[in-house]
file model_39.cif (mmCIF, C-alpha atoms and all ligand atoms)
data_final
loop_
_atom_site.label_atom_id
_atom_site.label_comp_id
_atom_site.auth_asym_id
_atom_site.auth_seq_id
_atom_site.Cartn_x
_atom_site.Cartn_y
_atom_site.Cartn_z
CA MET A 1 74.73 -38.82 -54.41
CA LYS A 2 71.13 -39.04 -53.24
CA LYS A 3 68.65 -37.30 -55.53
CA ILE A 4 65.25 -35.68 -54.95
CA LEU A 5 62.87 -34.38 -57.60
CA VAL A 6 60.72 -31.32 -56.85
CA ILE A 7 57.67 -30.90 -59.11
CA HIS A 8 55.60 -27.72 -59.23
CA GLY A 9 52.23 -28.00 -60.95
CA PRO A 10 50.15 -25.56 -63.00
CA ASN A 11 50.27 -21.80 -62.44
CA LEU A 12 53.00 -22.06 -59.84
CA ASN A 13 55.30 -20.37 -62.36
CA LEU A 14 53.31 -17.25 -61.40
CA LEU A 15 54.18 -17.41 -57.69
CA GLY A 16 54.96 -14.02 -56.24
CA LYS A 17 52.58 -12.32 -58.70
CA ARG A 18 49.53 -14.57 -58.44
CA GLU A 19 47.02 -14.07 -55.58
CA VAL A 20 49.76 -12.96 -53.22
CA ASP A 21 47.34 -12.80 -50.29
CA ILE A 22 46.95 -16.59 -50.59
CA TYR A 23 50.27 -17.77 -51.99
CA GLY A 24 52.71 -15.13 -50.77
CA LYS A 25 55.18 -12.81 -52.45
CA THR A 26 57.98 -15.30 -52.95
CA SER A 27 58.72 -16.31 -56.54
CA ILE A 28 59.20 -19.88 -57.64
CA ASP A 29 62.86 -19.11 -58.40
CA GLN A 30 63.38 -17.94 -54.83
CA ILE A 31 61.68 -21.05 -53.43
CA ASN A 32 63.84 -23.23 -55.66
CA LYS A 33 66.94 -21.37 -54.49
CA GLU A 34 66.05 -21.94 -50.83
CA LEU A 35 65.28 -25.63 -51.46
CA THR A 36 68.57 -26.08 -53.28
CA ALA A 37 70.49 -24.47 -50.40
CA VAL A 38 68.92 -26.90 -47.93
CA ALA A 39 69.58 -29.87 -50.24
CA ASP A 40 73.20 -28.78 -50.76
CA SER A 41 73.74 -28.56 -47.01
CA LYS A 42 72.48 -32.15 -46.69
CA LYS A 43 74.53 -33.37 -49.66
CA VAL A 44 71.42 -34.19 -51.65
CA GLU A 45 71.12 -33.39 -55.35
CA LEU A 46 67.91 -31.54 -56.23
CA SER A 47 66.19 -31.35 -59.61
CA VAL A 48 63.33 -28.92 -60.03
CA PHE A 49 60.59 -29.04 -62.64
CA GLN A 50 57.50 -26.89 -63.22
CA SER A 51 54.80 -27.63 -65.75
CA ASN A 52 51.32 -26.48 -66.57
CA HIS A 53 50.72 -29.75 -68.43
CA GLU A 54 49.35 -32.86 -66.76
CA GLY A 55 51.02 -35.35 -69.14
CA GLU A 56 54.46 -33.81 -68.64
CA ILE A 57 54.07 -34.19 -64.88
CA VAL A 58 52.95 -37.81 -65.33
CA ASP A 59 56.04 -38.44 -67.51
CA ARG A 60 58.45 -37.00 -64.92
CA ILE A 61 56.94 -39.02 -62.07
CA GLY A 62 56.99 -42.17 -64.18
CA GLU A 63 60.67 -41.92 -65.06
CA ALA A 64 61.85 -40.67 -61.65
CA LYS A 65 62.98 -43.99 -60.18
CA ALA A 66 64.82 -45.04 -63.35
CA LYS A 67 66.59 -41.67 -63.33
CA GLY A 68 67.90 -42.33 -59.83
CA PHE A 69 65.58 -40.20 -57.74
CA GLY A 70 64.93 -41.56 -54.27
CA ALA A 71 61.93 -39.35 -53.45
CA ILE A 72 59.64 -36.71 -54.94
CA VAL A 73 58.27 -33.51 -53.42
CA ILE A 74 55.25 -32.37 -55.42
CA ASN A 75 52.84 -29.47 -55.33
CA PRO A 76 50.29 -30.73 -57.85
CA ALA A 77 48.42 -27.40 -57.58
CA ALA A 78 44.97 -27.56 -59.23
CA TYR A 79 45.67 -31.12 -60.44
CA THR A 80 45.54 -32.17 -56.79
CA HIS A 81 41.79 -32.06 -57.00
CA THR A 82 41.23 -33.45 -60.49
CA SER A 83 43.99 -35.69 -61.78
CA VAL A 84 43.51 -39.44 -61.68
CA ALA A 85 46.50 -39.63 -64.07
CA ILE A 86 48.88 -37.97 -61.59
CA ARG A 87 47.48 -40.03 -58.75
CA ASP A 88 48.08 -43.24 -60.71
CA ALA A 89 51.61 -42.10 -61.57
CA VAL A 90 52.33 -41.42 -57.88
CA SER A 91 50.85 -44.76 -56.92
CA ALA A 92 52.99 -46.59 -59.50
CA CYS A 93 56.31 -44.75 -59.13
CA ASP A 94 57.70 -46.94 -56.34
CA ILE A 95 59.50 -44.13 -54.48
CA PRO A 96 58.09 -41.99 -51.64
CA VAL A 97 56.16 -38.89 -52.66
CA VAL A 98 55.53 -35.94 -50.34
CA GLU A 99 52.59 -33.70 -51.32
CA VAL A 100 52.89 -30.03 -50.41
CA HIS A 101 50.61 -27.01 -50.62
CA LEU A 102 51.35 -23.40 -49.81
CA SER A 103 47.80 -22.73 -48.63
CA ASN A 104 45.73 -24.82 -46.25
CA ILE A 105 43.49 -26.48 -48.83
CA TYR A 106 41.04 -27.56 -46.10
CA GLN A 107 40.30 -23.95 -45.15
CA ARG A 108 39.41 -22.98 -48.70
CA GLU A 109 36.63 -23.73 -51.21
CA GLU A 110 35.05 -27.14 -50.81
CA PHE A 111 36.39 -28.41 -54.15
CA ARG A 112 39.92 -28.00 -52.75
CA HIS A 113 39.18 -30.19 -49.72
CA THR A 114 39.66 -33.37 -51.72
CA SER A 115 43.15 -34.42 -52.74
CA LEU A 116 43.27 -37.34 -55.15
CA ILE A 117 47.00 -37.53 -54.45
CA ALA A 118 47.01 -37.73 -50.63
CA PRO A 119 45.83 -41.37 -50.35
CA VAL A 120 48.79 -42.56 -52.44
CA ALA A 121 51.40 -40.06 -51.13
CA LYS A 122 53.64 -40.80 -48.17
CA GLY A 123 52.23 -37.70 -46.52
CA GLN A 124 50.88 -34.21 -47.09
CA ILE A 125 51.96 -30.78 -45.81
CA SER A 126 49.50 -27.95 -46.32
CA GLY A 127 49.18 -24.38 -45.15
CA PHE A 128 52.65 -23.14 -44.21
CA GLY A 129 53.36 -20.98 -47.24
CA LYS A 130 56.79 -21.52 -48.72
CA LYS A 131 57.74 -23.34 -45.51
CA SER A 132 55.51 -26.22 -46.73
CA TYR A 133 58.13 -26.90 -49.40
CA MET A 134 60.96 -26.77 -46.86
CA LEU A 135 59.13 -29.17 -44.53
CA GLY A 136 58.34 -31.40 -47.50
CA LEU A 137 61.97 -31.47 -48.52
CA GLU A 138 63.03 -32.25 -44.95
CA ALA A 139 60.59 -35.19 -44.90
CA ALA A 140 61.79 -36.40 -48.30
CA ILE A 141 65.44 -36.26 -47.18
CA GLU A 142 64.58 -38.35 -44.13
CA LEU A 143 62.76 -40.84 -46.34
CA LEU A 144 65.95 -41.30 -48.39
CA GLY A 145 67.42 -42.86 -45.26
C1 LIG B 201 47.86 -25.09 -54.13
C2 LIG B 201 46.39 -25.26 -53.74
C3 LIG B 201 45.55 -25.64 -54.94
O1 LIG B 201 44.19 -25.78 -54.58
C4 LIG B 201 45.64 -24.58 -56.02
O2 LIG B 201 44.94 -24.98 -57.17
C5 LIG B 201 47.04 -24.20 -56.35
C6 LIG B 201 48.04 -24.13 -55.28
C7 LIG B 201 48.71 -24.57 -52.96
O3 LIG B 201 49.93 -24.68 -53.04
O4 LIG B 201 48.17 -24.03 -51.99
O5 LIG B 201 47.37 -23.89 -57.49
O6 LIG B 201 48.37 -26.37 -54.47
#
call {"tool": "encode", "arguments": {"input": "model_39.cif", "output": "structure tokens", "more": "lines below"}}
Ligand code: DQA
result
Amino acid sequence: MKKILVIHGPNLNLLGKREVDIYGKTSIDQINKELTAVADSKKVELSVFQSNHEGEIVDRIGEAKAKGFGAIVINPAAYTHTSVAIRDAVSACDIPVVEVHLSNIYQREEFRHTSLIAPVAKGQISGFGKKSYMLGLEAAIELLG
């Protein structure tokens, strides 16, 4: 079975409670449920991981190919704008990575306008709320071939 890894970065465990005007009222569990339903319908196995810790995210990206994942959907959250380590992991992982953001990072504070991940990702989806994840998953499924 084809496998996709979804990674949620820091503070996304608080979705639904955190800055709901920006990130919406949907919890991470609900998003994961909706992603899993889509994956199931396409006969793709989904693994979901959330961490507030940069190194743990680097570890998961680094072992993804060896664990049989064919693509990654990642919302690196605040690490989008700061993490050379996650960028290098994405660059080295040898499977396609789709970067997603709930908010449109280009409409927000200037420090959010730079993604260190985007230049090494297959593509980026930003600004569609929870739909960004669904579109990211759709793209990742297509990339599995
Ligand atoms: C985010 C945007 C980031 O700038 C922010 O730090 C987040 C969430 C988004 O999904 O819109 O935590 O990645």
call {"tool": "residues_near_ligand", "arguments": {"input": "model_39.cif", "ligand": "ligand LIG 201 (chain B)", "cutoff": "6 Å", "atoms": "only C-alpha atoms and all ligand atoms", "output": "PyMOL selection string"}}
result
chain A and resi 75-78+101-103+105+112
call {"tool": "residues_near_point", "arguments": {"input": "model_39.cif", "point": "(58.4, -19.7, -55.4)", "cutoff": "9 Å", "atoms": "only C-alpha atoms", "output": "list in words"}}
result
Leu12, Asn13, Leu14, Leu15, Gly16, Gly24, Lys25, Thr26, Ser27, Ile28, Asp29, Gln30, Ile31, Asn32, Lys33 and Lys130 of chain A
call {"tool": "closest_residue", "arguments": {"input": "model_39.cif", "among": "A:Ala140, A:Met134, A:Ile74, A:Ile117", "to": "Gln50 in chain A", "atoms": "only C-alpha atoms"}}
result
A:Ile74
call {"tool": "closest_residue", "arguments": {"input": "model_39.cif", "among": "A:Lys3, A:Ile125, A:Asn104, A:Pro119", "to": "Tyr23 in chain A", "atoms": "all atoms listed in the file"}}
result
A:Asn104
call {"tool": "residues_near_point", "arguments": {"input": "model_39.cif", "point": "(49.6, -33.6, -59.9)", "cutoff": "12 Å", "atoms": "only C-alpha atoms", "output": "PDB file with C-alpha atoms, in the frame of the given file"}}
result
ATOM      1  CA  VAL A   6      60.720 -31.320 -56.850  1.00  0.00           C
ATOM      2  CA  ILE A   7      57.670 -30.900 -59.110  1.00  0.00           C
ATOM      3  CA  HIS A   8      55.600 -27.720 -59.230  1.00  0.00           C
ATOM      4  CA  GLY A   9      52.230 -28.000 -60.950  1.00  0.00           C
ATOM      5  CA  PRO A  10      50.150 -25.560 -63.000  1.00  0.00           C
ATOM      6  CA  GLN A  50      57.500 -26.890 -63.220  1.00  0.00           C
ATOM      7  CA  SER A  51      54.800 -27.630 -65.750  1.00  0.00           C
ATOM      8  CA  ASN A  52      51.320 -26.480 -66.570  1.00  0.00           C
ATOM      9  CA  HIS A  53      50.720 -29.750 -68.430  1.00  0.00           C
ATOM     10  CA  GLU A  54      49.350 -32.860 -66.760  1.00  0.00           C
ATOM     11  CA  GLY A  55      51.020 -35.350 -69.140  1.00  0.00           C
ATOM     12  CA  GLU A  56      54.460 -33.810 -68.640  1.00  0.00           C
ATOM     13  CA  ILE A  57      54.070 -34.190 -64.880  1.00  0.00           C
ATOM     14  CA  VAL A  58      52.950 -37.810 -65.330  1.00  0.00           C
ATOM     15  CA  ASP A  59      56.040 -38.440 -67.510  1.00  0.00           C
ATOM     16  CA  ARG A  60      58.450 -37.000 -64.920  1.00  0.00           C
ATOM     17  CA  ILE A  61      56.940 -39.020 -62.070  1.00  0.00           C
ATOM     18  CA  ILE A  72      59.640 -36.710 -54.940  1.00  0.00           C
ATOM     19  CA  VAL A  73      58.270 -33.510 -53.420  1.00  0.00           C
ATOM     20  CA  ILE A  74      55.250 -32.370 -55.420  1.00  0.00           C
ATOM     21  CA  ASN A  75      52.840 -29.470 -55.330  1.00  0.00           C
ATOM     22  CA  PRO A  76      50.290 -30.730 -57.850  1.00  0.00           C
ATOM     23  CA  ALA A  77      48.420 -27.400 -57.580  1.00  0.00           C
ATOM     24  CA  ALA A  78      44.970 -27.560 -59.230  1.00  0.00           C
ATOM     25  CA  TYR A  79      45.670 -31.120 -60.440  1.00  0.00           C
ATOM     26  CA  THR A  80      45.540 -32.170 -56.790  1.00  0.00           C
ATOM     27  CA  HIS A  81      41.790 -32.060 -57.000  1.00  0.00           C
ATOM     28  CA  THR A  82      41.230 -33.450 -60.490  1.00  0.00           C
ATOM     29  CA  SER A  83      43.990 -35.690 -61.780  1.00  0.00           C
ATOM     30  CA  VAL A  84      43.510 -39.440 -61.680  1.00  0.00           C
ATOM     31  CA  ALA A  85      46.500 -39.630 -64.070  1.00  0.00           C
ATOM     32  CA  ILE A  86      48.880 -37.970 -61.590  1.00  0.00           C
ATOM     33  CA  ARG A  87      47.480 -40.030 -58.750  1.00  0.00           C
ATOM     34  CA  ASP A  88      48.080 -43.240 -60.710  1.00  0.00           C
ATOM     35  CA  ALA A  89      51.610 -42.100 -61.570  1.00  0.00           C
ATOM     36  CA  VAL A  90      52.330 -41.420 -57.880  1.00  0.00           C
ATOM     37  CA  SER A  91      50.850 -44.760 -56.920  1.00  0.00           C
ATOM     38  CA  VAL A  97      56.160 -38.890 -52.660  1.00  0.00           C
ATOM     39  CA  VAL A  98      55.530 -35.940 -50.340  1.00  0.00           C
ATOM     40  CA  GLU A  99      52.590 -33.700 -51.320  1.00  0.00           C
ATOM     41  CA  VAL A 100      52.890 -30.030 -50.410  1.00  0.00           C
ATOM     42  CA  HIS A 101      50.610 -27.010 -50.620  1.00  0.00           C
ATOM     43  CA  SER A 115      43.150 -34.420 -52.740  1.00  0.00           C
ATOM     44  CA  LEU A 116      43.270 -37.340 -55.150  1.00  0.00           C
ATOM     45  CA  ILE A 117      47.000 -37.530 -54.450  1.00  0.00           C
ATOM     46  CA  ALA A 118      47.010 -37.730 -50.630  1.00  0.00           C
ATOM     47  CA  VAL A 120      48.790 -42.560 -52.440  1.00  0.00           C
ATOM     48  CA  ALA A 121      51.400 -40.060 -51.130  1.00  0.00           C
TER      49      ALA A 121
END
call {"tool": "atom_distance", "arguments": {"input": "model_39.cif", "atom1": "CA of Asp40 in chain A", "atom2": "CA of Gly129 in chain A"}}
result
21.6 Å
call {"tool": "decode", "arguments": {"input": "model_39.cif", "residues": "range 90-101 of chain A", "atoms": "all heavy atoms", "output": "tab-separated table (two decimals), in the first residue's frame"}}
result
chain	number	residue	atom	x	y	z
A	90	VAL	N	14.42	18.17	4.40
A	90	VAL	CA	13.52	18.09	3.24
A	90	VAL	C	14.33	17.91	1.97
A	90	VAL	O	14.05	17.06	1.12
A	90	VAL	CB	12.61	19.35	3.16
A	90	VAL	CG1	11.89	19.43	1.82
A	90	VAL	CG2	11.61	19.35	4.31
A	91	SER	N	15.40	18.70	1.87
A	91	SER	CA	16.25	18.65	0.68
A	91	SER	C	16.89	17.27	0.50
A	91	SER	O	17.08	16.80	-0.61
A	91	SER	CB	17.31	19.74	0.83
A	91	SER	OG	18.08	19.81	-0.31
A	92	ALA	N	17.20	16.61	1.61
A	92	ALA	CA	17.93	15.34	1.57
A	92	ALA	C	17.02	14.12	1.52
A	92	ALA	O	17.50	13.00	1.27
A	92	ALA	CB	18.84	15.24	2.80
A	93	CYS	N	15.72	14.27	1.75
A	93	CYS	CA	14.89	13.08	2.04
A	93	CYS	C	14.55	12.24	0.82
A	93	CYS	O	14.11	11.11	0.95
A	93	CYS	CB	13.63	13.47	2.79
A	93	CYS	SG	12.40	14.30	1.78
A	94	ASP	N	14.72	12.80	-0.38
A	94	ASP	CA	14.60	12.01	-1.61
A	94	ASP	C	13.19	11.49	-1.89
A	94	ASP	O	13.01	10.50	-2.58
A	94	ASP	CB	15.61	10.85	-1.54
A	94	ASP	CG	15.97	10.34	-2.92
A	94	ASP	OD1	15.88	11.12	-3.88
A	94	ASP	OD2	16.31	9.14	-3.04
A	95	ILE	N	12.18	12.13	-1.31
A	95	ILE	CA	10.78	11.89	-1.68
A	95	ILE	C	10.11	13.26	-1.77
A	95	ILE	O	10.58	14.21	-1.12
A	95	ILE	CB	10.01	10.97	-0.68
A	95	ILE	CG1	10.12	11.49	0.76
A	95	ILE	CG2	10.47	9.52	-0.79
A	95	ILE	CD1	9.27	10.70	1.75
A	96	PRO	N	9.03	13.40	-2.55
A	96	PRO	CA	8.41	14.73	-2.67
A	96	PRO	C	7.78	15.21	-1.37
A	96	PRO	O	7.16	14.44	-0.64
A	96	PRO	CB	7.35	14.53	-3.77
A	96	PRO	CG	7.25	13.08	-4.01
A	96	PRO	CD	8.42	12.39	-3.41
A	97	VAL	N	7.95	16.50	-1.12
A	97	VAL	CA	7.41	17.13	0.09
A	97	VAL	C	6.50	18.29	-0.33
A	97	VAL	O	6.91	19.14	-1.12
A	97	VAL	CB	8.55	17.64	0.99
A	97	VAL	CG1	7.99	18.39	2.20
A	97	VAL	CG2	9.44	16.48	1.45
A	98	VAL	N	5.28	18.28	0.20
A	98	VAL	CA	4.33	19.37	-0.08
A	98	VAL	C	4.19	20.19	1.20
A	98	VAL	O	3.85	19.66	2.26
A	98	VAL	CB	2.95	18.80	-0.50
A	98	VAL	CG1	1.98	19.95	-0.80
A	98	VAL	CG2	3.08	17.88	-1.71
A	99	GLU	N	4.48	21.48	1.09
A	99	GLU	CA	4.40	22.40	2.24
A	99	GLU	C	3.01	23.02	2.29
A	99	GLU	O	2.54	23.51	1.27
A	99	GLU	CB	5.47	23.48	2.07
A	99	GLU	CG	5.45	24.54	3.16
A	99	GLU	CD	6.41	25.69	2.85
A	99	GLU	OE1	7.21	25.59	1.90
A	99	GLU	OE2	6.31	26.70	3.56
A	100	VAL	N	2.39	22.99	3.44
A	100	VAL	CA	1.05	23.59	3.56
A	100	VAL	C	0.99	24.57	4.73
A	100	VAL	O	1.69	24.39	5.74
A	100	VAL	CB	-0.07	22.53	3.71
A	100	VAL	CG1	-0.07	21.56	2.55
A	100	VAL	CG2	0.02	21.76	5.02
A	101	HIS	N	0.15	25.58	4.57
A	101	HIS	CA	-0.13	26.53	5.65
A	101	HIS	C	-1.61	26.85	5.65
A	101	HIS	O	-2.22	27.05	4.59
A	101	HIS	CB	0.65	27.84	5.44
A	101	HIS	CG	2.12	27.63	5.46
A	101	HIS	ND1	2.82	27.45	6.61
A	101	HIS	CD2	3.01	27.52	4.45
A	101	HIS	CE1	4.10	27.25	6.32
A	101	HIS	NE2	4.24	27.28	5.02
